[in-house]
Structures are given as structure tokens and as C-alpha cells.
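Q: See model.pdb below, with PDB, C-alpha atoms and all ligand atoms.
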```pdb
ATOM      1  CA  MET P   1       1.439 -84.064 -21.413
ATOM      2  CA  ASP P   2       2.386 -86.618 -18.785
ATOM      3  CA  VAL P   3       0.297 -89.775 -18.863
ATOM      4  CA  GLN P   4       1.670 -91.905 -16.054
ATOM      5  CA  ALA P   5       1.779 -90.883 -12.409
ATOM      6  CA  GLN P   6       5.279 -89.994 -11.330
ATOM      7  CA  PRO P   7       7.391 -92.547  -9.404
ATOM      8  CA  HIS P   8       9.053 -89.880  -7.240
ATOM      9  CA  LEU P   9       5.729 -89.013  -5.678
ATOM     10  CA  HIS P  10       4.507 -90.629  -2.480
ATOM     11  CA  PRO P  11       2.846 -93.957  -3.342
ATOM     12  CA  LEU P  12      -0.482 -92.704  -1.996
ATOM     13  CA  LEU P  13      -0.368 -90.016  -4.673
ATOM     14  CA  SER P  14       1.252 -91.894  -7.538
ATOM     15  CA  GLY P  15      -1.012 -94.900  -6.944
ATOM     16  CA  ARG P  16      -4.246 -92.950  -6.846
ATOM     17  CA  PHE P  17      -6.623 -92.937  -9.768
ATOM     18  CA  SER P  18     -10.354 -92.705 -10.322
ATOM     19  CA  PRO P  19     -11.542 -96.258 -10.993
ATOM     20  CA  SER P  20     -14.031 -96.864 -13.740
ATOM     21  CA  SER P  21     -15.619 -99.726 -11.812
ATOM     22  CA  PHE P  22     -15.961-100.950  -8.246
ATOM     23  CA  ASP P  23     -16.280-104.258  -6.394
ATOM     24  CA  ALA P  24     -20.040-104.549  -5.834
ATOM     25  CA  THR P  25     -19.523-106.956  -2.926
ATOM     26  CA  HIS P  26     -17.398-104.623  -0.797
ATOM     27  CA  VAL P  27     -19.100-103.105   2.241
ATOM     28  CA  LEU P  28     -17.876 -99.868   3.813
ATOM     29  CA  ASP P  29     -18.205-100.436   7.556
ATOM     30  CA  ASP P  30     -18.768 -97.755  10.183
ATOM     31  CA  PRO P  31     -15.107 -97.338  11.254
ATOM     32  CA  ALA P  32     -13.994 -96.991   7.642
ATOM     33  CA  LEU P  33     -16.670 -94.433   6.853
ATOM     34  CA  THR P  34     -15.823 -92.487   9.999
ATOM     35  CA  ALA P  35     -12.136 -92.446   9.076
ATOM     36  CA  LEU P  36     -12.951 -91.004   5.661
ATOM     37  CA  LEU P  37     -15.133 -88.265   7.110
ATOM     38  CA  ASP P  38     -12.553 -87.540   9.813
ATOM     39  CA  ALA P  39      -9.926 -87.053   7.120
ATOM     40  CA  ALA P  40     -12.192 -84.558   5.378
ATOM     41  CA  ARG P  41     -13.114 -82.576   8.468
ATOM     42  CA  TRP P  42      -9.490 -82.251   9.608
ATOM     43  CA  ALA P  43      -8.523 -80.475   6.392
ATOM     44  CA  PRO P  44      -7.391 -76.866   6.654
ATOM     45  CA  SER P  45      -9.843 -74.142   5.709
ATOM     46  CA  ALA P  46      -9.837 -70.364   5.487
ATOM     47  CA  GLY P  47     -10.299 -68.971   8.984
ATOM     48  CA  ASN P  48     -11.123 -72.528  10.064
ATOM     49  CA  SER P  49     -14.519 -71.900   8.473
ATOM     50  CA  GLN P  50     -15.014 -75.592   7.580
ATOM     51  CA  PRO P  51     -17.537 -74.756   4.840
ATOM     52  CA  TRP P  52     -18.205 -78.370   3.874
ATOM     53  CA  GLY P  53     -21.044 -80.798   4.207
ATOM     54  CA  PHE P  54     -21.228 -84.487   3.331
ATOM     55  CA  LEU P  55     -24.069 -86.938   2.926
ATOM     56  CA  PRO P  56     -22.622 -90.471   3.025
ATOM     57  CA  ALA P  57     -25.003 -92.892   1.333
ATOM     58  CA  ARG P  58     -23.948 -96.504   1.578
ATOM     59  CA  ARG P  59     -25.081 -99.016  -1.018
ATOM     60  CA  GLY P  60     -28.467-100.332   0.058
ATOM     61  CA  ASP P  61     -29.344 -97.727   2.693
ATOM     62  CA  ASP P  62     -32.160 -95.179   2.539
ATOM     63  CA  ASP P  63     -29.947 -92.251   1.562
ATOM     64  CA  HIS P  64     -28.443 -94.320  -1.244
ATOM     65  CA  ARG P  65     -31.946 -94.956  -2.531
ATOM     66  CA  ARG P  66     -32.577 -91.189  -2.490
ATOM     67  CA  VAL P  67     -29.384 -90.332  -4.367
ATOM     68  CA  VAL P  68     -29.292 -93.054  -7.016
ATOM     69  CA  PRO P  69     -32.276 -91.891  -9.132
ATOM     70  CA  HIS P  70     -30.446 -88.622  -9.785
ATOM     71  CA  LEU P  71     -27.305 -90.141 -11.282
ATOM     72  CA  ALA P  72     -26.748 -89.594 -14.976
ATOM     73  CA  PRO P  73     -26.653 -92.815 -16.974
ATOM     74  CA  SER P  74     -22.932 -92.259 -17.577
ATOM     75  CA  SER P  75     -22.343 -92.354 -13.808
ATOM     76  CA  ALA P  76     -24.852 -95.047 -12.955
ATOM     77  CA  ALA P  77     -22.956 -97.365 -15.297
ATOM     78  CA  TRP P  78     -20.149 -97.673 -12.727
ATOM     79  CA  ALA P  79     -21.036 -95.736  -9.553
ATOM     80  CA  LEU P  80     -23.839 -98.041  -8.423
ATOM     81  CA  ASP P  81     -21.260-100.687  -7.521
ATOM     82  CA  ALA P  82     -19.328 -98.344  -5.248
ATOM     83  CA  SER P  83     -19.669 -99.059  -1.535
ATOM     84  CA  ALA P  84     -20.820 -95.514  -0.873
ATOM     85  CA  LEU P  85     -21.826 -92.356  -2.662
ATOM     86  CA  VAL P  86     -20.837 -89.285  -0.672
ATOM     87  CA  VAL P  87     -22.657 -86.122  -1.693
ATOM     88  CA  THR P  88     -20.565 -83.012  -1.073
ATOM     89  CA  ALA P  89     -21.802 -79.501  -0.410
ATOM     90  CA  ALA P  90     -20.229 -76.098   0.162
ATOM     91  CA  ARG P  91     -21.559 -73.318   2.366
ATOM     92  CA  LEU P  92     -21.520 -70.256   0.141
ATOM     93  CA  TRP P  93     -23.937 -67.806   1.719
ATOM     94  CA  VAL P  94     -24.985 -66.588   5.157
ATOM     95  CA  ASP P  95     -27.798 -64.489   3.704
ATOM     96  CA  ASP P  96     -28.583 -62.816   0.391
ATOM     97  CA  ASP P  97     -25.841 -60.211   0.863
ATOM     98  CA  ILE P  98     -23.186 -61.940   2.921
ATOM     99  CA  ALA P  99     -20.967 -64.685   1.555
ATOM    100  CA  TYR P 100     -20.020 -67.294   4.130
ATOM    101  CA  SER P 101     -16.481 -67.608   2.796
ATOM    102  CA  GLU P 102     -14.809 -66.635  -0.456
ATOM    103  CA  PHE P 103     -12.876 -69.904  -0.102
ATOM    104  CA  ALA P 104     -15.825 -72.252   0.360
ATOM    105  CA  ASP P 105     -15.255 -74.208  -2.849
ATOM    106  CA  TYR P 106     -11.488 -74.151  -2.385
ATOM    107  CA  ASP P 107     -11.852 -75.580   1.101
ATOM    108  CA  LEU P 108     -14.412 -78.202   0.115
ATOM    109  CA  GLY P 109     -12.087 -79.400  -2.627
ATOM    110  CA  GLN P 110      -9.247 -79.659  -0.178
ATOM    111  CA  ALA P 111     -11.366 -81.639   2.279
ATOM    112  CA  VAL P 112     -12.337 -84.016  -0.513
ATOM    113  CA  ALA P 113      -8.675 -84.403  -1.460
ATOM    114  CA  HIS P 114      -7.904 -85.421   2.118
ATOM    115  CA  LEU P 115     -10.762 -87.922   2.075
ATOM    116  CA  THR P 116      -9.490 -89.299  -1.206
ATOM    117  CA  ILE P 117      -5.964 -89.871   0.074
ATOM    118  CA  GLN P 118      -7.262 -91.369   3.328
ATOM    119  CA  ALA P 119      -9.283 -93.792   1.204
ATOM    120  CA  GLN P 120      -6.168 -94.662  -0.765
ATOM    121  CA  ALA P 121      -4.288 -95.366   2.483
ATOM    122  CA  MET P 122      -7.102 -97.731   3.487
ATOM    123  CA  GLY P 123      -6.911 -99.693   0.240
ATOM    124  CA  LEU P 124     -10.005 -97.974  -1.113
ATOM    125  CA  ALA P 125     -10.474 -95.660  -4.059
ATOM    126  CA  CYS P 126     -12.589 -92.631  -4.907
ATOM    127  CA  HIS P 127     -14.078 -91.429  -8.150
ATOM    128  CA  GLN P 128     -15.559 -87.960  -7.873
ATOM    129  CA  PHE P 129     -18.227 -86.990 -10.362
ATOM    130  CA  ARG P 130     -20.569 -84.243 -11.449
ATOM    131  CA  ALA P 131     -22.641 -86.284 -13.865
ATOM    132  CA  PHE P 132     -25.905 -86.223 -11.925
ATOM    133  CA  ASP P 133     -29.091 -84.164 -11.982
ATOM    134  CA  LEU P 134     -28.058 -81.286  -9.705
ATOM    135  CA  ASP P 135     -31.481 -79.662  -9.637
ATOM    136  CA  GLY P 136     -33.205 -82.967  -8.949
ATOM    137  CA  LEU P 137     -30.790 -83.962  -6.188
ATOM    138  CA  THR P 138     -31.014 -80.482  -4.641
ATOM    139  CA  ALA P 139     -34.811 -80.655  -4.632
ATOM    140  CA  CYS P 140     -34.656 -84.121  -3.103
ATOM    141  CA  LEU P 141     -32.138 -83.381  -0.337
ATOM    142  CA  ALA P 142     -33.275 -79.782   0.251
ATOM    143  CA  PRO P 143     -30.016 -78.448   1.714
ATOM    144  CA  ASP P 144     -30.298 -75.571   4.173
ATOM    145  CA  TYR P 145     -30.088 -71.990   2.935
ATOM    146  CA  GLY P 146     -26.653 -71.006   1.661
ATOM    147  CA  TRP P 147     -25.492 -74.577   0.977
ATOM    148  CA  THR P 148     -24.847 -75.809  -2.556
ATOM    149  CA  ILE P 149     -24.351 -79.408  -3.630
ATOM    150  CA  ARG P 150     -21.123 -79.661  -5.597
ATOM    151  CA  SER P 151     -20.211 -83.262  -6.377
ATOM    152  CA  ILE P 152     -20.581 -86.909  -5.480
ATOM    153  CA  ILE P 153     -17.691 -89.123  -4.449
ATOM    154  CA  ALA P 154     -18.008 -92.810  -5.254
ATOM    155  CA  VAL P 155     -15.954 -94.739  -2.700
ATOM    156  CA  GLY P 156     -15.118 -98.407  -2.637
ATOM    157  CA  LYS P 157     -12.760-101.104  -3.811
ATOM    158  CA  GLY P 158     -11.673 -99.974  -7.235
ATOM    159  CA  VAL P 159     -11.329-102.739  -9.762
ATOM    160  CA  GLY P 160     -11.590-100.920 -13.054
ATOM    161  CA  SER P 161      -9.225 -99.325 -15.477
ATOM    162  CA  ARG P 162      -8.072 -95.750 -15.270
ATOM    163  CA  ALA P 163      -9.833 -92.720 -16.702
ATOM    164  CA  ASP P 164      -8.112 -89.929 -18.600
ATOM    165  CA  ARG P 165      -4.829 -89.518 -16.735
ATOM    166  CA  ARG P 166      -3.024 -87.072 -18.985
ATOM    167  CA  ARG P 167      -1.497 -84.177 -17.128
ATOM    168  CA  ARG P 168      -0.169 -80.775 -18.068
ATOM    169  CA  SER P 169       3.555 -80.432 -17.487
ATOM    170  CA  VAL P 170       5.225 -78.614 -14.591
ATOM    171  CA  ALA P 171       6.363 -75.941 -17.086
ATOM    172  CA  ASP P 172       2.808 -75.480 -18.253
ATOM    173  CA  VAL P 173       1.242 -75.186 -14.810
ATOM    174  CA  THR P 174       3.881 -72.726 -13.633
ATOM    175  CA  GLY P 175       3.821 -70.409 -16.634
ATOM    176  CA  ASP P 176       1.917 -69.872 -19.828
ATOM    177  CA  PRO P 177      -1.094 -69.910 -20.217
ATOM    178  CA  TRP P 178      -1.885 -68.541 -16.801
ATOM    179  CA  LEU P 179       1.224 -66.426 -16.275
ATOM    180  CA  THR P 180       3.048 -64.909 -19.198
ATOM    181  CA  ARG P 181       6.478 -63.797 -18.061
ATOM    182  CA  ALA P 182       8.220 -60.825 -19.612
ATOM    183  CA  PRO P 183      11.177 -61.928 -21.789
TER
HETATM  184  C1  LIG P 201     -15.134 -82.045  -9.585
HETATM  185  C2  LIG P 201     -14.931 -83.296 -10.414
HETATM  186  C3  LIG P 201     -15.940 -83.720 -11.256
HETATM  187  C4  LIG P 201     -15.775 -84.900 -11.999
HETATM  188  N1  LIG P 201     -16.827 -85.347 -12.767
HETATM  189  C5  LIG P 201     -16.723 -86.551 -13.361
HETATM  190  C6  LIG P 201     -17.846 -87.088 -14.051
HETATM  191  O1  LIG P 201     -18.934 -86.502 -14.085
HETATM  192  N2  LIG P 201     -17.710 -88.320 -14.619
HETATM  193  C7  LIG P 201     -16.528 -89.023 -14.549
HETATM  194  O2  LIG P 201     -16.461 -90.153 -15.056
HETATM  195  N3  LIG P 201     -15.448 -88.529 -13.903
HETATM  196  C8  LIG P 201     -15.522 -87.318 -13.305
HETATM  197  N4  LIG P 201     -14.440 -86.820 -12.620
HETATM  198  C9  LIG P 201     -13.173 -87.588 -12.576
HETATM  199  C10 LIG P 201     -12.125 -86.987 -13.516
HETATM  200  O3  LIG P 201     -12.463 -87.240 -14.849
HETATM  201  C11 LIG P 201     -10.738 -87.587 -13.167
HETATM  202  O4  LIG P 201     -10.385 -87.204 -11.863
HETATM  203  C12 LIG P 201      -9.670 -87.123 -14.173
HETATM  204  O5  LIG P 201      -9.887 -87.671 -15.443
HETATM  205  C13 LIG P 201      -8.274 -87.508 -13.727
HETATM  206  O6  LIG P 201      -8.181 -88.900 -13.542
HETATM  207  P1  LIG P 201      -7.645 -89.503 -12.181
HETATM  208  O7  LIG P 201      -8.586 -89.061 -11.068
HETATM  209  O8  LIG P 201      -7.681 -90.996 -12.391
HETATM  210  O9  LIG P 201      -6.279 -88.974 -11.951
HETATM  211  C14 LIG P 201     -14.572 -85.638 -11.903
HETATM  212  C15 LIG P 201     -13.551 -85.201 -11.050
HETATM  213  C16 LIG P 201     -13.714 -84.040 -10.315
HETATM  214  C17 LIG P 201     -12.619 -83.601  -9.374
END
```
Can the structure from this file be put into C-alpha cells for me?
A:
Amino acid sequence: MDVQAQPHLHPLLSGRFSPSSFDATHVLDDPALTALLDAARWAPSAGNSQPWGFLPARRGDDDHRRVVPHLAPSSAAWALDASALVVTAARLWVDDDIAYSEFADYDLGQAVAHLTIQAQAMGLACHQFRAFDLDGLTACLAPDYGWTIRSIIAVGKGVGSRADRRRRSVADVTGDPWLTRAP
């Protein structure tokens, strides 16, 4: 298991981590928020299907007040100080029988990765999380048919220590356990 990010990587990658706390005084202004969402929407996607949706809720605005009650206590402990909470959603279905894209989750994840690195380039940090009441948030936001809320991204000035940063090795991710090669 690697623990530290690798120095041969680009600094935007090796310097990225999910902060465990944020600067509660930092404000995410309109140009910064637009840049983050632009980074996400310019990600590649299968057939250019762009199966992603985002609800950016900045600390103190009405959408933030809608999202916050649904955070799990474990998330609320640090995410409330983030400058914004961005709810992410994937478009999975066109109707009961027709999937919108078999790559919807893959593409959403890639868009979020782009947003995350854009944030890093802007001196900001992201901490994605699932620890919220999915059913409660879904009932509250009432996404359109076929859309599923997947995660929340806390964005802001990271000031806290790093989370679990252990990584599987290159040998591990390129072979066993997912691909057992014949001797
Ligand atoms: C889809 C997803 C869900 C996550 N859910 C949580 C969560 O509920 N709570 C949390 O503290 N971190 C959560 N994380 C953050 C991971 O724990 C973190 O990315 C991982 O430990 C690696 O650390 P790093 O991002 O600093 O490299 C989540 C990350 C992803 C991508």
C-alpha cells in the first residue's frame, strides 16, 4: 500500500486530497463557481451524452439550507464549513425500459474528477461524500424522472488534515485480484 501521493505525478494530482475541514470564512464567488461547473461539463462522456446534473448550494443560500438538514452527522461535522455543497446526479433512465446511458455513473464520476482538479488549480479543495440521507434529499429536491442523486461535493479552502490516503499498488491494480494471469 502506498500512503503518500507520488512526486512524479503532476502537482495538481499529487497535491490533491480530501480535506477534513474547511475555512468557514471563504466565499465561493460566481466566477469561481462557474469555472468549476465548466470544468465538469467539458468532461468527455459516452456518445457525448453528458448524463450529469449538479445543484451548487453555497453556504448561506436557499439551496444550502435545503441540503444541510440531510447531511449525516459524520459529514455535518466538517462539510458545513465548506464554501459550497454541490449535489451530483446521474441520468440513468429515459423510461422504465430504456436506459439513458450504460456509462452514466462512469461519466458523472469523470465530470466530478475534472471539477475536483479544476478546484485544485484554483487553490480550492473538494471532499466528495455519500454520508447523507439519500431518500430524504431525493424527496426534498425531487429530481426529474430517470435522474438519481449520487454524491455531494464539499468545495472550499481546505485547512484540515488528510483522510485515509492509502493506495493499492500499481501491481495490484493491474493484476490480481481483478485479473488473474495464466502462469
Ligand atoms: C463517491 C465517494 C464517496 C465518498 N464518501 C465519503 C463519505 O461519506 N465521508 C467521507 O468522509 N469521505 C468520503 N469520501 C472521500 C474518500 O474517503 C476519500 O476520497 C478517500 O479516503 C481517499 O482520500 P483522498 O481523497 O484524500 O485521496 C468519498 C469519496 C467518494 C469518491
Q: Kindly extract all protein, DNA and RNA residues lying within 10 Å of the coordinates (-13.6, -85.3, -9.3) given in the file, considering all atoms listed in the file, and supply them as a PDB file with C-alpha atoms, in the coordinates of the input.
A:
```pdb
ATOM      1  CA  SER P  18     -10.354 -92.705 -10.322  1.00  0.00           C
ATOM      2  CA  GLY P 109     -12.087 -79.400  -2.627  1.00  0.00           C
ATOM      3  CA  VAL P 112     -12.337 -84.016  -0.513  1.00  0.00           C
ATOM      4  CA  ALA P 113      -8.675 -84.403  -1.460  1.00  0.00           C
ATOM      5  CA  THR P 116      -9.490 -89.299  -1.206  1.00  0.00           C
ATOM      6  CA  CYS P 126     -12.589 -92.631  -4.907  1.00  0.00           C
ATOM      7  CA  HIS P 127     -14.078 -91.429  -8.150  1.00  0.00           C
ATOM      8  CA  GLN P 128     -15.559 -87.960  -7.873  1.00  0.00           C
ATOM      9  CA  PHE P 129     -18.227 -86.990 -10.362  1.00  0.00           C
ATOM     10  CA  ARG P 130     -20.569 -84.243 -11.449  1.00  0.00           C
ATOM     11  CA  SER P 151     -20.211 -83.262  -6.377  1.00  0.00           C
ATOM     12  CA  ILE P 152     -20.581 -86.909  -5.480  1.00  0.00           C
ATOM     13  CA  ILE P 153     -17.691 -89.123  -4.449  1.00  0.00           C
ATOM     14  CA  ALA P 154     -18.008 -92.810  -5.254  1.00  0.00           C
TER      15      ALA P 154
END
```
Q: Tell me, as a list in words, which residues lie within 7 Å of region 78-87 of chain P, counting all atoms listed in the file; anything in the same chain fewer than 6 positions away does not count.
A: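 After dropping sequence-adjacent residues, the list is Ser20, Ser21, Phe22, Asp23, Ala24, His26, Val27, Leu28, Phe54, Leu55, Pro56, Ala57, Arg58, Arg59, Ser151, Ile152, Ile153, Ala154, Val155 and Gly156 of chain P.
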Q: Out of P:Leu71, P:Ala139, P:Val173, P:Ala35, which residue has the shortest atom-to-atom distance to ligand LIG 201 (chain P) when counting all atoms listed in the file?
A: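 Counting all atoms listed in the file, the residue closest to ligand LIG 201 (chain P) is P:Leu71.
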Q: Between P:His70, P:Arg181, P:Arg150, P:Arg168, which residue has the minimum interatomic distance to Tyr106 (chain P), considering all atoms listed in the file?
A: P:Arg150
Q: Could you list as a PDB file with C-alpha atoms, keeping the file's coordinate frame every residue that has an atom within 6 Å of (-25.4, -88.9, -13.2), using the file's coordinates and counting all atoms listed in the file?
A:
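New file out-v8.pdb:
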```pdb
ATOM      1  CA  LEU P  71     -27.305 -90.141 -11.282  1.00  0.00           C
ATOM      2  CA  ALA P  72     -26.748 -89.594 -14.976  1.00  0.00           C
ATOM      3  CA  PRO P  73     -26.653 -92.815 -16.974  1.00  0.00           C
ATOM      4  CA  SER P  75     -22.343 -92.354 -13.808  1.00  0.00           C
ATOM      5  CA  ALA P 131     -22.641 -86.284 -13.865  1.00  0.00           C
ATOM      6  CA  PHE P 132     -25.905 -86.223 -11.925  1.00  0.00           C
TER       7      PHE P 132
END
```
Q: Calculate, to one decimal in Å, the centre and edge lengths of the box along x, y and z of the file that holds all listed atoms of ligand LIG 201 (chain P) with 5 Å of margin on each side, and present them as JSON.
A:
```
{"center_x": -12.6, "center_y": -86.5, "center_z": -12.4, "size_x": 22.7, "size_y": 19.0, "size_z": 16.1}
```
Q: So, counting all atoms listed in the file, which residue among P:Asp30, P:Asp172, P:Asp144, P:Asp133 is closest to ligand LIG 201 (chain P)?
A: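 Of the candidates, the smallest distance to ligand LIG 201 (chain P) is held by P:Asp133.
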Q: Which residues, written as a VMD selection string, have at least one atom at most 10 Å from Asn48 (chain P), with all atoms listed in the file counted and residues fewer than 5 positions away on the same chain left out?
A: chain P and resid 42 to 43 107
Q: Take the residues that were just selected and, keeping C-alpha atoms, output them as a short mmCIF file (atom, residue, chain, number, x, y, z; two decimals), keeping the file's coordinate frame.
A:
```
data_model
loop_
_atom_site.label_atom_id
_atom_site.label_comp_id
_atom_site.auth_asym_id
_atom_site.auth_seq_id
_atom_site.Cartn_x
_atom_site.Cartn_y
_atom_site.Cartn_z
CA TRP P 42 -9.49 -82.25 9.61
CA ALA P 43 -8.52 -80.47 6.39
CA ASP P 107 -11.85 -75.58 1.10
#
```
Q: Provide region 100-115 of chain P rebuilt to N, CA and C atoms, formatted as a PDB file, keeping the file's coordinate frame.
A:
```
ATOM      1  N   TYR P 100     -20.557 -66.629   2.944  1.00  0.00           N
ATOM      2  CA  TYR P 100     -20.020 -67.294   4.130  1.00  0.00           C
ATOM      3  C   TYR P 100     -18.500 -67.275   4.100  1.00  0.00           C
ATOM      4  N   SER P 101     -17.935 -67.621   2.952  1.00  0.00           N
ATOM      5  CA  SER P 101     -16.481 -67.608   2.796  1.00  0.00           C
ATOM      6  C   SER P 101     -16.156 -67.548   1.321  1.00  0.00           C
ATOM      7  N   GLU P 102     -15.215 -66.676   0.959  1.00  0.00           N
ATOM      8  CA  GLU P 102     -14.809 -66.635  -0.456  1.00  0.00           C
ATOM      9  C   GLU P 102     -14.052 -67.895  -0.831  1.00  0.00           C
ATOM     10  N   PHE P 103     -13.659 -68.698   0.153  1.00  0.00           N
ATOM     11  CA  PHE P 103     -12.876 -69.904  -0.102  1.00  0.00           C
ATOM     12  C   PHE P 103     -13.695 -71.189   0.054  1.00  0.00           C
ATOM     13  N   ALA P 104     -15.000 -71.072   0.066  1.00  0.00           N
ATOM     14  CA  ALA P 104     -15.825 -72.252   0.360  1.00  0.00           C
ATOM     15  C   ALA P 104     -15.534 -73.407  -0.599  1.00  0.00           C
ATOM     16  N   ASP P 105     -15.511 -73.132  -1.884  1.00  0.00           N
ATOM     17  CA  ASP P 105     -15.255 -74.208  -2.849  1.00  0.00           C
ATOM     18  C   ASP P 105     -13.816 -74.709  -2.755  1.00  0.00           C
ATOM     19  N   TYR P 106     -12.903 -73.785  -2.550  1.00  0.00           N
ATOM     20  CA  TYR P 106     -11.488 -74.151  -2.385  1.00  0.00           C
ATOM     21  C   TYR P 106     -11.346 -75.114  -1.207  1.00  0.00           C
ATOM     22  N   ASP P 107     -11.973 -74.764  -0.107  1.00  0.00           N
ATOM     23  CA  ASP P 107     -11.852 -75.580   1.101  1.00  0.00           C
ATOM     24  C   ASP P 107     -12.565 -76.914   0.953  1.00  0.00           C
ATOM     25  N   LEU P 108     -13.730 -76.920   0.331  1.00  0.00           N
ATOM     26  CA  LEU P 108     -14.412 -78.202   0.115  1.00  0.00           C
ATOM     27  C   LEU P 108     -13.536 -79.123  -0.722  1.00  0.00           C
ATOM     28  N   GLY P 109     -12.941 -78.570  -1.782  1.00  0.00           N
ATOM     29  CA  GLY P 109     -12.087 -79.400  -2.627  1.00  0.00           C
ATOM     30  C   GLY P 109     -10.913 -79.984  -1.854  1.00  0.00           C
ATOM     31  N   GLN P 110     -10.379 -79.174  -0.971  1.00  0.00           N
ATOM     32  CA  GLN P 110      -9.247 -79.659  -0.178  1.00  0.00           C
ATOM     33  C   GLN P 110      -9.680 -80.768   0.793  1.00  0.00           C
ATOM     34  N   ALA P 111     -10.853 -80.591   1.380  1.00  0.00           N
ATOM     35  CA  ALA P 111     -11.366 -81.639   2.279  1.00  0.00           C
ATOM     36  C   ALA P 111     -11.594 -82.937   1.505  1.00  0.00           C
ATOM     37  N   VAL P 112     -12.110 -82.816   0.304  1.00  0.00           N
ATOM     38  CA  VAL P 112     -12.337 -84.016  -0.513  1.00  0.00           C
ATOM     39  C   VAL P 112     -10.999 -84.666  -0.886  1.00  0.00           C
ATOM     40  N   ALA P 113      -9.997 -83.841  -1.158  1.00  0.00           N
ATOM     41  CA  ALA P 113      -8.675 -84.403  -1.460  1.00  0.00           C
ATOM     42  C   ALA P 113      -8.150 -85.202  -0.267  1.00  0.00           C
ATOM     43  N   HIS P 114      -8.351 -84.679   0.927  1.00  0.00           N
ATOM     44  CA  HIS P 114      -7.904 -85.421   2.118  1.00  0.00           C
ATOM     45  C   HIS P 114      -8.661 -86.744   2.245  1.00  0.00           C
ATOM     46  N   LEU P 115      -9.962 -86.689   2.026  1.00  0.00           N
ATOM     47  CA  LEU P 115     -10.762 -87.922   2.075  1.00  0.00           C
ATOM     48  C   LEU P 115     -10.252 -88.929   1.061  1.00  0.00           C
TER      49      LEU P 115
END
```
